[in-house]
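A.B. asks: Coordinates in query_35.txt, compact mmCIF, C-alpha atoms and all ligand atoms, are listed below.
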# COMPACT_ATOMS: atom_id res chain seq x y z
CA MET A 1 3.87 -4.41 14.24
CA TYR A 2 0.10 -3.82 14.09
CA PHE A 3 -0.60 -4.84 10.51
CA ASN A 4 1.02 -5.93 7.30
CA GLU A 5 -0.05 -6.12 3.66
CA ASN A 6 -2.22 -9.18 4.40
CA SER A 7 -4.09 -7.76 7.40
CA PHE A 8 -7.81 -7.04 7.44
CA VAL A 9 -9.92 -4.70 9.52
CA TYR A 10 -13.68 -4.35 9.83
CA LEU A 11 -14.66 -0.92 8.58
CA ASN A 12 -18.28 0.21 8.62
CA GLY A 13 -19.84 -3.06 7.59
CA GLU A 14 -17.06 -4.38 5.37
CA PHE A 15 -13.86 -6.33 5.83
CA VAL A 16 -11.11 -4.43 4.05
CA LYS A 17 -7.35 -4.68 3.83
CA ALA A 18 -5.84 -2.63 6.67
CA ARG A 19 -3.58 -0.82 4.20
CA ASP A 20 -6.64 0.25 2.16
CA ALA A 21 -8.73 1.39 5.15
CA LYS A 22 -9.10 5.17 5.03
CA THR A 23 -10.52 7.98 7.05
CA ASP A 24 -10.56 11.73 6.45
CA PHE A 25 -8.63 14.40 8.32
CA PHE A 26 -11.66 16.55 9.12
CA GLY A 27 -13.26 14.54 11.93
CA GLN A 28 -13.88 15.48 15.56
CA THR A 29 -12.11 12.31 16.69
CA MET A 30 -8.84 13.21 14.99
CA HIS A 31 -8.94 16.87 16.03
CA TYR A 32 -10.53 16.79 19.47
CA GLY A 33 -10.17 13.21 20.75
CA TYR A 34 -13.97 12.91 20.59
CA GLY A 35 -14.37 9.18 20.05
CA VAL A 36 -14.68 5.99 22.09
CA PHE A 37 -12.91 2.66 21.93
CA GLU A 38 -12.42 -0.69 23.63
CA GLY A 39 -9.48 -2.93 24.44
CA ILE A 40 -10.45 -6.60 24.35
CA ARG A 41 -8.52 -9.87 24.35
CA ALA A 42 -9.15 -13.15 22.61
CA TYR A 43 -7.48 -16.30 23.95
CA LEU A 44 -6.82 -19.76 22.64
CA THR A 45 -8.78 -21.91 25.07
CA GLU A 46 -7.71 -25.17 26.69
CA ASN A 47 -9.71 -27.02 24.00
CA GLY A 48 -8.07 -25.15 21.12
CA ASN A 49 -10.90 -22.70 20.39
CA THR A 50 -10.53 -18.95 20.08
CA ARG A 51 -12.77 -17.12 22.54
CA ILE A 52 -13.11 -13.42 23.18
CA PHE A 53 -13.10 -12.89 26.93
CA LYS A 54 -16.15 -11.05 28.31
CA GLU A 55 -17.03 -9.83 24.84
CA GLN A 56 -20.54 -8.72 25.83
CA GLN A 57 -19.26 -6.54 28.67
CA HIS A 58 -16.71 -4.89 26.41
CA PHE A 59 -19.13 -4.11 23.58
CA LEU A 60 -21.79 -2.96 26.04
CA ARG A 61 -19.20 -0.64 27.60
CA LEU A 62 -18.40 0.64 24.10
CA GLN A 63 -22.10 1.33 23.54
CA ASN A 64 -22.35 3.04 26.91
CA SER A 65 -19.22 5.12 26.25
CA ALA A 66 -20.80 6.33 22.97
CA ARG A 67 -24.05 7.17 24.79
CA LEU A 68 -22.17 9.14 27.44
CA LEU A 69 -20.50 11.21 24.71
CA ASN A 70 -23.78 11.71 22.75
CA MET A 71 -22.39 9.74 19.82
CA PRO A 72 -24.86 7.77 17.69
CA PHE A 73 -24.35 4.00 18.09
CA PRO A 74 -26.50 2.37 15.41
CA TRP A 75 -25.00 -1.14 15.76
CA ASP A 76 -26.21 -4.23 17.55
CA VAL A 77 -23.43 -5.43 19.87
CA ARG A 78 -23.93 -8.98 18.52
CA GLU A 79 -23.11 -7.72 15.04
CA LEU A 80 -19.86 -6.17 16.32
CA ILE A 81 -18.95 -9.32 18.26
CA GLY A 82 -19.50 -11.39 15.09
CA ALA A 83 -17.35 -8.94 13.11
CA SER A 84 -14.59 -9.23 15.74
CA TYR A 85 -14.49 -13.02 15.40
CA GLU A 86 -14.34 -12.60 11.63
CA VAL A 87 -11.42 -10.15 11.93
CA LEU A 88 -9.56 -12.75 14.04
CA LYS A 89 -10.22 -15.41 11.41
CA LEU A 90 -9.21 -13.24 8.45
CA ASN A 91 -5.96 -12.34 10.21
CA ASP A 92 -5.21 -15.91 11.33
CA LEU A 93 -5.14 -14.84 14.96
CA THR A 94 -5.99 -17.37 17.66
CA SER A 95 -5.12 -15.10 20.57
CA ALA A 96 -5.04 -11.36 20.08
CA TYR A 97 -5.79 -7.89 21.28
CA ILE A 98 -8.92 -6.43 19.65
CA ARG A 99 -9.44 -2.70 19.34
CA PRO A 100 -12.85 -1.39 18.20
CA LEU A 101 -12.98 2.38 17.71
CA VAL A 102 -16.13 4.46 17.21
CA TYR A 103 -15.24 7.69 15.45
CA ALA A 104 -17.00 10.85 14.40
CA PRO A 105 -17.62 12.17 10.89
CA ALA A 106 -16.10 15.33 9.39
CA ASN A 107 -17.14 18.13 11.70
CA MET A 108 -14.89 20.90 12.92
CA GLY A 109 -17.63 22.31 15.13
CA PHE A 110 -18.76 21.08 18.53
CA ASN A 111 -22.30 20.20 17.57
CA LYS A 112 -23.78 16.71 17.71
CA ASN A 113 -23.37 14.34 14.76
CA GLU A 114 -26.05 12.43 12.88
CA GLU A 115 -23.79 9.42 12.39
CA SER A 116 -20.78 7.56 13.77
CA PHE A 117 -18.32 5.18 12.14
CA VAL A 118 -16.67 2.03 13.45
CA VAL A 119 -13.44 0.19 12.80
CA ILE A 120 -12.34 -3.07 14.47
CA GLU A 121 -8.65 -3.95 14.41
CA ALA A 122 -6.80 -6.92 15.93
CA TRP A 123 -3.16 -7.81 16.38
CA HIS A 124 -0.96 -10.06 18.46
CA MET A 125 0.00 -8.46 21.76
CA ASP A 126 1.97 -9.77 24.73
CA PRO A 127 0.99 -8.54 28.21
CA PHE A 128 1.28 -4.81 27.95
CA LEU A 129 3.38 -4.25 31.06
CA GLY A 130 5.33 -7.47 30.66
CA GLU A 131 5.17 -10.50 32.91
CA LYS A 132 7.71 -9.47 35.54
CA LEU A 133 7.01 -7.47 38.67
CA ILE A 134 7.02 -3.73 38.01
CA SER A 135 8.05 -0.51 39.70
CA VAL A 136 5.55 2.31 40.01
CA GLY A 137 6.08 6.04 40.37
CA PHE A 138 3.59 8.55 41.76
CA SER A 139 2.48 10.75 38.90
CA SER A 140 2.56 14.52 38.97
CA PHE A 141 -0.48 14.28 36.63
CA GLU A 142 -3.83 13.87 38.38
CA ARG A 143 -6.71 11.98 36.82
CA PRO A 144 -9.10 14.47 35.20
CA ASN A 145 -11.82 15.92 37.37
CA PRO A 146 -14.90 13.66 36.88
CA ARG A 147 -16.98 16.81 36.50
CA ALA A 148 -14.87 17.83 33.50
CA PHE A 149 -15.30 14.56 31.58
CA ARG A 150 -17.48 11.47 31.49
CA LEU A 151 -14.68 9.48 33.07
CA GLU A 152 -16.60 6.21 33.09
CA ALA A 153 -16.52 6.33 29.27
CA LYS A 154 -13.47 4.89 27.53
CA ALA A 155 -13.02 8.02 25.45
CA CYS A 156 -10.06 8.73 23.19
CA GLY A 157 -9.31 12.18 24.61
CA HIS A 158 -8.90 10.87 28.17
CA TYR A 159 -5.77 9.09 27.05
CA VAL A 160 -3.76 12.29 26.64
CA ASN A 161 -3.70 12.22 30.45
CA SER A 162 -2.59 8.55 30.39
CA ILE A 163 0.15 9.19 27.83
CA LEU A 164 1.58 12.14 29.76
CA ALA A 165 1.60 10.19 33.03
CA SER A 166 3.13 7.06 31.52
CA GLN A 167 5.84 8.96 29.66
CA GLU A 168 6.74 10.90 32.80
CA ALA A 169 7.00 7.70 34.89
CA LYS A 170 9.27 6.06 32.31
CA ALA A 171 11.44 9.17 32.07
CA ASN A 172 11.84 8.93 35.86
CA GLY A 173 12.98 5.31 35.64
CA PHE A 174 9.74 3.57 36.66
CA ASP A 175 7.87 0.95 34.67
CA GLU A 176 4.51 2.68 35.07
CA ALA A 177 2.73 5.59 36.72
CA LEU A 178 0.11 5.71 39.43
CA LEU A 179 -2.31 8.63 39.26
CA PHE A 180 -4.26 10.24 42.08
CA ASP A 181 -7.70 11.77 41.86
CA LYS A 182 -8.44 15.46 42.34
CA ASP A 183 -8.77 14.92 46.13
CA GLY A 184 -5.40 13.18 46.42
CA PHE A 185 -6.71 9.61 46.72
CA ILE A 186 -5.27 6.78 44.65
CA ALA A 187 -7.11 6.43 41.33
CA GLU A 188 -5.48 4.13 38.79
CA ALA A 189 -2.63 3.55 36.38
CA PRO A 190 -2.68 5.11 32.88
CA GLY A 191 -4.26 1.94 31.46
CA ALA A 192 -5.06 -0.33 34.40
CA ASN A 193 -6.80 -0.44 37.78
CA ILE A 194 -5.04 -1.10 41.07
CA PHE A 195 -5.58 -3.43 44.04
CA LEU A 196 -3.72 -3.42 47.37
CA GLU A 197 -3.42 -6.33 49.77
CA LYS A 198 -3.31 -5.66 53.50
CA ASP A 199 -3.68 -8.34 56.20
CA GLY A 200 -5.22 -10.84 53.81
CA LYS A 201 -7.82 -8.42 52.42
CA LEU A 202 -8.00 -6.66 49.06
CA TYR A 203 -8.73 -2.98 48.51
CA THR A 204 -9.39 -1.06 45.30
CA PRO A 205 -10.47 2.55 44.69
CA PRO A 206 -14.21 3.14 44.17
CA LEU A 207 -15.74 4.25 40.85
CA GLY A 208 -15.67 7.98 40.20
CA SER A 209 -12.22 8.91 38.97
CA ILE A 210 -11.36 5.61 37.31
CA LEU A 211 -12.37 3.57 34.31
CA PRO A 212 -14.76 0.85 35.58
CA GLY A 213 -12.42 -1.93 34.53
CA ILE A 214 -13.80 -5.24 33.37
CA THR A 215 -10.70 -6.97 34.79
CA ARG A 216 -11.25 -5.12 38.10
CA GLN A 217 -14.75 -6.61 38.14
CA THR A 218 -13.34 -10.07 37.33
CA VAL A 219 -10.84 -9.72 40.22
CA LEU A 220 -13.70 -8.80 42.58
CA GLU A 221 -15.63 -11.88 41.35
CA LEU A 222 -12.60 -14.15 41.82
CA ALA A 223 -11.98 -12.72 45.30
CA SER A 224 -15.60 -13.44 46.25
CA GLU A 225 -15.31 -16.94 44.79
CA ASN A 226 -12.22 -17.49 46.96
CA GLY A 227 -14.10 -16.21 50.01
CA TRP A 228 -11.73 -13.26 50.44
CA ASP A 229 -12.79 -9.84 51.64
CA ALA A 230 -12.41 -7.22 48.91
CA PHE A 231 -13.37 -3.60 49.49
CA GLU A 232 -13.91 -0.62 47.23
CA SER A 233 -12.58 2.22 49.34
CA ARG A 234 -10.74 5.51 49.09
CA LEU A 235 -7.03 4.79 49.45
CA THR A 236 -4.17 7.11 50.27
CA LYS A 237 -0.53 7.11 49.30
CA GLU A 238 0.24 5.83 52.84
CA ASP A 239 -2.20 2.93 52.40
CA LEU A 240 -0.14 1.83 49.41
CA LEU A 241 3.20 2.36 51.12
CA ASN A 242 1.92 0.32 54.11
CA ALA A 243 0.38 -2.41 51.95
CA ASP A 244 1.72 -5.97 52.00
CA SER A 245 1.44 -6.28 48.25
CA ALA A 246 -0.26 -4.64 45.25
CA PHE A 247 -1.06 -5.27 41.60
CA PHE A 248 -2.41 -3.61 38.49
CA CYS A 249 -5.13 -5.25 36.42
CA GLY A 250 -6.52 -4.62 32.97
CA THR A 251 -7.34 -6.42 29.75
CA ALA A 252 -4.03 -5.53 28.12
CA ALA A 253 -1.90 -5.73 31.29
CA GLU A 254 -3.79 -8.76 32.71
CA ILE A 255 -2.61 -9.09 36.36
CA VAL A 256 0.81 -7.60 37.04
CA GLY A 257 2.47 -7.53 40.44
CA ILE A 258 4.07 -4.36 41.81
CA SER A 259 7.39 -4.87 43.59
CA LYS A 260 8.35 -1.26 44.22
CA VAL A 261 6.47 2.00 44.76
CA GLU A 262 8.77 5.00 44.39
CA ASN A 263 11.79 3.86 46.47
CA HIS A 264 9.84 1.55 48.72
CA HIS A 265 9.77 -2.25 48.25
CA LEU A 266 6.45 -3.90 49.09
CA PRO A 267 7.25 -6.51 51.74
CA LEU A 268 5.22 -9.59 50.83
CA GLU A 269 6.88 -11.94 48.37
CA TRP A 270 4.75 -11.91 45.20
CA ASN A 271 4.35 -15.71 45.12
CA LYS A 272 2.76 -15.60 48.57
CA SER A 273 0.36 -12.77 47.74
CA LEU A 274 -3.35 -12.90 46.95
CA GLY A 275 -2.44 -11.15 43.69
CA ALA A 276 -0.32 -14.11 42.59
CA LYS A 277 -3.26 -16.46 43.22
CA ILE A 278 -5.61 -14.16 41.31
CA GLN A 279 -3.05 -13.98 38.48
CA LYS A 280 -3.10 -17.79 38.10
CA GLN A 281 -6.89 -17.99 38.36
CA TYR A 282 -7.31 -15.18 35.83
CA SER A 283 -4.98 -16.88 33.41
CA ARG A 284 -7.04 -20.09 33.67
CA LEU A 285 -10.40 -18.30 33.48
CA VAL A 286 -9.64 -16.43 30.25
CA ARG A 287 -8.60 -19.71 28.61
CA LYS A 288 -11.74 -21.60 29.58
CA ASP A 289 -14.28 -22.53 26.98
CA LYS A 290 -17.68 -21.05 27.57
CA GLU A 291 -19.25 -23.24 30.21
CA LYS A 292 -21.18 -22.99 33.38
CA ILE A 293 -19.08 -22.61 36.49
CA SER A 294 -20.45 -22.77 39.95
CA LEU A 295 -19.29 -20.32 42.54
CA LYS A 296 -19.07 -21.13 46.22
CA ASN A 297 -21.65 -18.44 46.92
CA LYS A 298 -24.13 -20.51 44.84
CA LYS A 299 -24.31 -18.01 41.99
CA THR A 300 -23.90 -19.46 38.53
CA VAL A 301 -22.18 -17.33 35.97
CA PHE A 302 -21.12 -17.89 32.42
CA VAL A 303 -17.45 -17.31 31.89
CA ASN A 304 -16.62 -15.36 28.78
CA GLU A 305 -19.93 -13.59 28.91
N1 LIG A 401 -8.13 2.14 33.55
C1 LIG A 401 -7.81 2.65 32.36
C2 LIG A 401 -7.54 4.11 32.26
C3 LIG A 401 -7.72 1.83 31.23
O1 LIG A 401 -7.39 2.33 30.04
C4 LIG A 401 -7.97 0.45 31.37
C5 LIG A 401 -7.85 -0.46 30.17
N2 LIG A 401 -9.03 -0.47 29.43
C6 LIG A 401 -8.32 -0.05 32.62
C7 LIG A 401 -8.39 0.82 33.70
C8 LIG A 401 -8.66 -1.50 32.82
O2 LIG A 401 -9.89 -1.77 32.21
P1 LIG A 401 -10.25 -3.20 31.65
O3 LIG A 401 -10.01 -4.16 32.75
O4 LIG A 401 -11.69 -3.10 31.30
O5 LIG A 401 -9.37 -3.45 30.49
If you convert what's in this file into structure tokens, what do you get?
C.D. replies:
Amino acid sequence: MYFNENSFVYLNGEFVKARDAKTDFFGQTMHYGYGVFEGIRAYLTENGNTRIFKEQQHFLRLQNSARLLNMPFPWDVRELIGASYEVLKLNDLTSAYIRPLVYAPANMGFNKNEESFVVIEAWHMDPFLGEKLISVGFSSFERPNPRAFRLEAKACGHYVNSILASQEAKANGFDEALLFDKDGFIAEAPGANIFLEKDGKLYTPPLGSILPGITRQTVLELASENGWDAFESRLTKEDLLNADSAFFCGTAAEIVGISKVENHHLPLEWNKSLGAKIQKQYSRLVRKDKEKISLKNKKTVFVNE
């Protein structure tokens, strides 16, 4: 599913067959979850080119995640972006999910390392939560306390929390989990951020107990471009149950509407929601070739940057 005998990965400066790529079993990443990674998508654009969406933001977040965990990051992000395009080419992928992982050397102790290693993998992946509306269950697992981890880093070990929450939700018959922060406010899904719609306005939890999602940022930019009010604010369970509509967003999930929270159906028909409009705009944006677009608020941004 992820690779076959013809697949290539980028491994520490070289392109090697995925089946020949090796690591040792003595590293801090394998034993302790002490590593950082990214989840990035490449799309076939409207003009038939393959473009990695917001590649700079993703590799800069990877660099920042490494810094937050005191991991050496000796690479130029441009070098890693170039390697990612090469991995797509070598694997004949025009649209794909790209997964760079920065991992630690052999070290069973807790002390700092002198070096880090990097692998970049890519494979075809459909939207991770599917394209239908989903049901969401409140998780009995809280997001980790931000004073226990560097939660703004996309660190391997944080995902034990995500895996437990997601498995529990599925065992309870839901499509995905929603986790709360240590104070009982809504945080995020195991691998996506959340937005609520109420009275024509959008609301999303503030940074602190969530991963600062690049898609979340794109949604905020699209909302501003549309002239909609969008707020980062602490949200309760009741806010969600009283919302008109809601959606998850993330690179892998893209924009996915939520029809049901626990046993409660959200009232606004998805097609009439702000989320549905954002979903269409997002789908167009990620397939645009790199070009200047003008926003109504007079700012000029480069898409795909
Ligand atoms: N939260 C978590 C815990 C995630 O793993 C992800 C996916 N990276 C997101 C949010 C969404 O982030 P992004 O939009 O940058 O993919």
A.B. asks: Can you tell me which residues sit at most 10 Å away from ligand LIG 401 (chain A), counting all atoms listed in the file, written as number ranges by chain?
C.D. replies: A: 37-41, 54, 57-58, 61, 143, 151-156, 158-159, 161-162, 179, 187-194, 209-219, 248-255
A.B. asks: Take the selection from the previous step and output its residues with C-alpha atoms, as a PDB file, keeping the file's coordinate frame.
C.D. replies:
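Writing the result to part.pdb gives the following:
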ATOM      1  CA  PHE A  37     -12.910   2.660  21.930  1.00  0.00           C
ATOM      2  CA  GLU A  38     -12.420  -0.690  23.630  1.00  0.00           C
ATOM      3  CA  GLY A  39      -9.480  -2.930  24.440  1.00  0.00           C
ATOM      4  CA  ILE A  40     -10.450  -6.600  24.350  1.00  0.00           C
ATOM      5  CA  ARG A  41      -8.520  -9.870  24.350  1.00  0.00           C
ATOM      6  CA  LYS A  54     -16.150 -11.050  28.310  1.00  0.00           C
ATOM      7  CA  GLN A  57     -19.260  -6.540  28.670  1.00  0.00           C
ATOM      8  CA  HIS A  58     -16.710  -4.890  26.410  1.00  0.00           C
ATOM      9  CA  ARG A  61     -19.200  -0.640  27.600  1.00  0.00           C
ATOM     10  CA  ARG A 143      -6.710  11.980  36.820  1.00  0.00           C
ATOM     11  CA  LEU A 151     -14.680   9.480  33.070  1.00  0.00           C
ATOM     12  CA  GLU A 152     -16.600   6.210  33.090  1.00  0.00           C
ATOM     13  CA  ALA A 153     -16.520   6.330  29.270  1.00  0.00           C
ATOM     14  CA  LYS A 154     -13.470   4.890  27.530  1.00  0.00           C
ATOM     15  CA  ALA A 155     -13.020   8.020  25.450  1.00  0.00           C
ATOM     16  CA  CYS A 156     -10.060   8.730  23.190  1.00  0.00           C
ATOM     17  CA  HIS A 158      -8.900  10.870  28.170  1.00  0.00           C
ATOM     18  CA  TYR A 159      -5.770   9.090  27.050  1.00  0.00           C
ATOM     19  CA  ASN A 161      -3.700  12.220  30.450  1.00  0.00           C
ATOM     20  CA  SER A 162      -2.590   8.550  30.390  1.00  0.00           C
ATOM     21  CA  LEU A 179      -2.310   8.630  39.260  1.00  0.00           C
ATOM     22  CA  ALA A 187      -7.110   6.430  41.330  1.00  0.00           C
ATOM     23  CA  GLU A 188      -5.480   4.130  38.790  1.00  0.00           C
ATOM     24  CA  ALA A 189      -2.630   3.550  36.380  1.00  0.00           C
ATOM     25  CA  PRO A 190      -2.680   5.110  32.880  1.00  0.00           C
ATOM     26  CA  GLY A 191      -4.260   1.940  31.460  1.00  0.00           C
ATOM     27  CA  ALA A 192      -5.060  -0.330  34.400  1.00  0.00           C
ATOM     28  CA  ASN A 193      -6.800  -0.440  37.780  1.00  0.00           C
ATOM     29  CA  ILE A 194      -5.040  -1.100  41.070  1.00  0.00           C
ATOM     30  CA  SER A 209     -12.220   8.910  38.970  1.00  0.00           C
ATOM     31  CA  ILE A 210     -11.360   5.610  37.310  1.00  0.00           C
ATOM     32  CA  LEU A 211     -12.370   3.570  34.310  1.00  0.00           C
ATOM     33  CA  PRO A 212     -14.760   0.850  35.580  1.00  0.00           C
ATOM     34  CA  GLY A 213     -12.420  -1.930  34.530  1.00  0.00           C
ATOM     35  CA  ILE A 214     -13.800  -5.240  33.370  1.00  0.00           C
ATOM     36  CA  THR A 215     -10.700  -6.970  34.790  1.00  0.00           C
ATOM     37  CA  ARG A 216     -11.250  -5.120  38.100  1.00  0.00           C
ATOM     38  CA  GLN A 217     -14.750  -6.610  38.140  1.00  0.00           C
ATOM     39  CA  THR A 218     -13.340 -10.070  37.330  1.00  0.00           C
ATOM     40  CA  VAL A 219     -10.840  -9.720  40.220  1.00  0.00           C
ATOM     41  CA  PHE A 248      -2.410  -3.610  38.490  1.00  0.00           C
ATOM     42  CA  CYS A 249      -5.130  -5.250  36.420  1.00  0.00           C
ATOM     43  CA  GLY A 250      -6.520  -4.620  32.970  1.00  0.00           C
ATOM     44  CA  THR A 251      -7.340  -6.420  29.750  1.00  0.00           C
ATOM     45  CA  ALA A 252      -4.030  -5.530  28.120  1.00  0.00           C
ATOM     46  CA  ALA A 253      -1.900  -5.730  31.290  1.00  0.00           C
ATOM     47  CA  GLU A 254      -3.790  -8.760  32.710  1.00  0.00           C
ATOM     48  CA  ILE A 255      -2.610  -9.090  36.360  1.00  0.00           C
TER      49      ILE A 255
END
A.B. asks: Around (-13.6, 26.9, 18.8) in the file's frame, which residues reach within 12 Å when counting only C-alpha atoms? Return as a VMD selection string?
C.D. replies: chain A and resid 28 31 to 32 107 to 111
A.B. asks: Between A:Ala42, A:Ala243, A:Met71, A:Leu80, which has the minimum distance to Ser95 (chain A) (counting all atoms listed in the file)?
C.D. replies: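 Result for the nearest residue to Ser95 (chain A): A:Ala42.
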A.B. asks: Would you please work out which residue, of A:Gly208, A:Val102, A:Ile120, A:Lys272, is nearest to Arg147 (chain A) when using all atoms listed in the file?
C.D. replies: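 Smallest separation from Arg147 (chain A) among the options: A:Gly208.
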A.B. asks: With all atoms of region 123-130 of chain A from the file as input, state the centre and edge lengths in Å to one decimal of the axis-aligned box that has 3 Å extra on each side, as JSON.
C.D. replies:
{"center_x": 1.1, "center_y": -7.2, "center_z": 23.7, "size_x": 14.5, "size_y": 11.8, "size_z": 20.7}
A.B. asks: I need the residue nearest Lys288 (chain A) from this list: A:Asn49, A:Thr23, A:Asn6, A:Ser65. Use only C-alpha atoms for the distance.
C.D. replies: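 The shortest atom-to-atom distance to Lys288 (chain A) comes from A:Asn49.
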A.B. asks: Which residue, A:Ser7, A:Asn64, A:Gln281, A:Thr45, has the smallest gap to Glu221 (chain A) when you use all atoms listed in the file?
C.D. replies: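 Closest candidate: A:Gln281.
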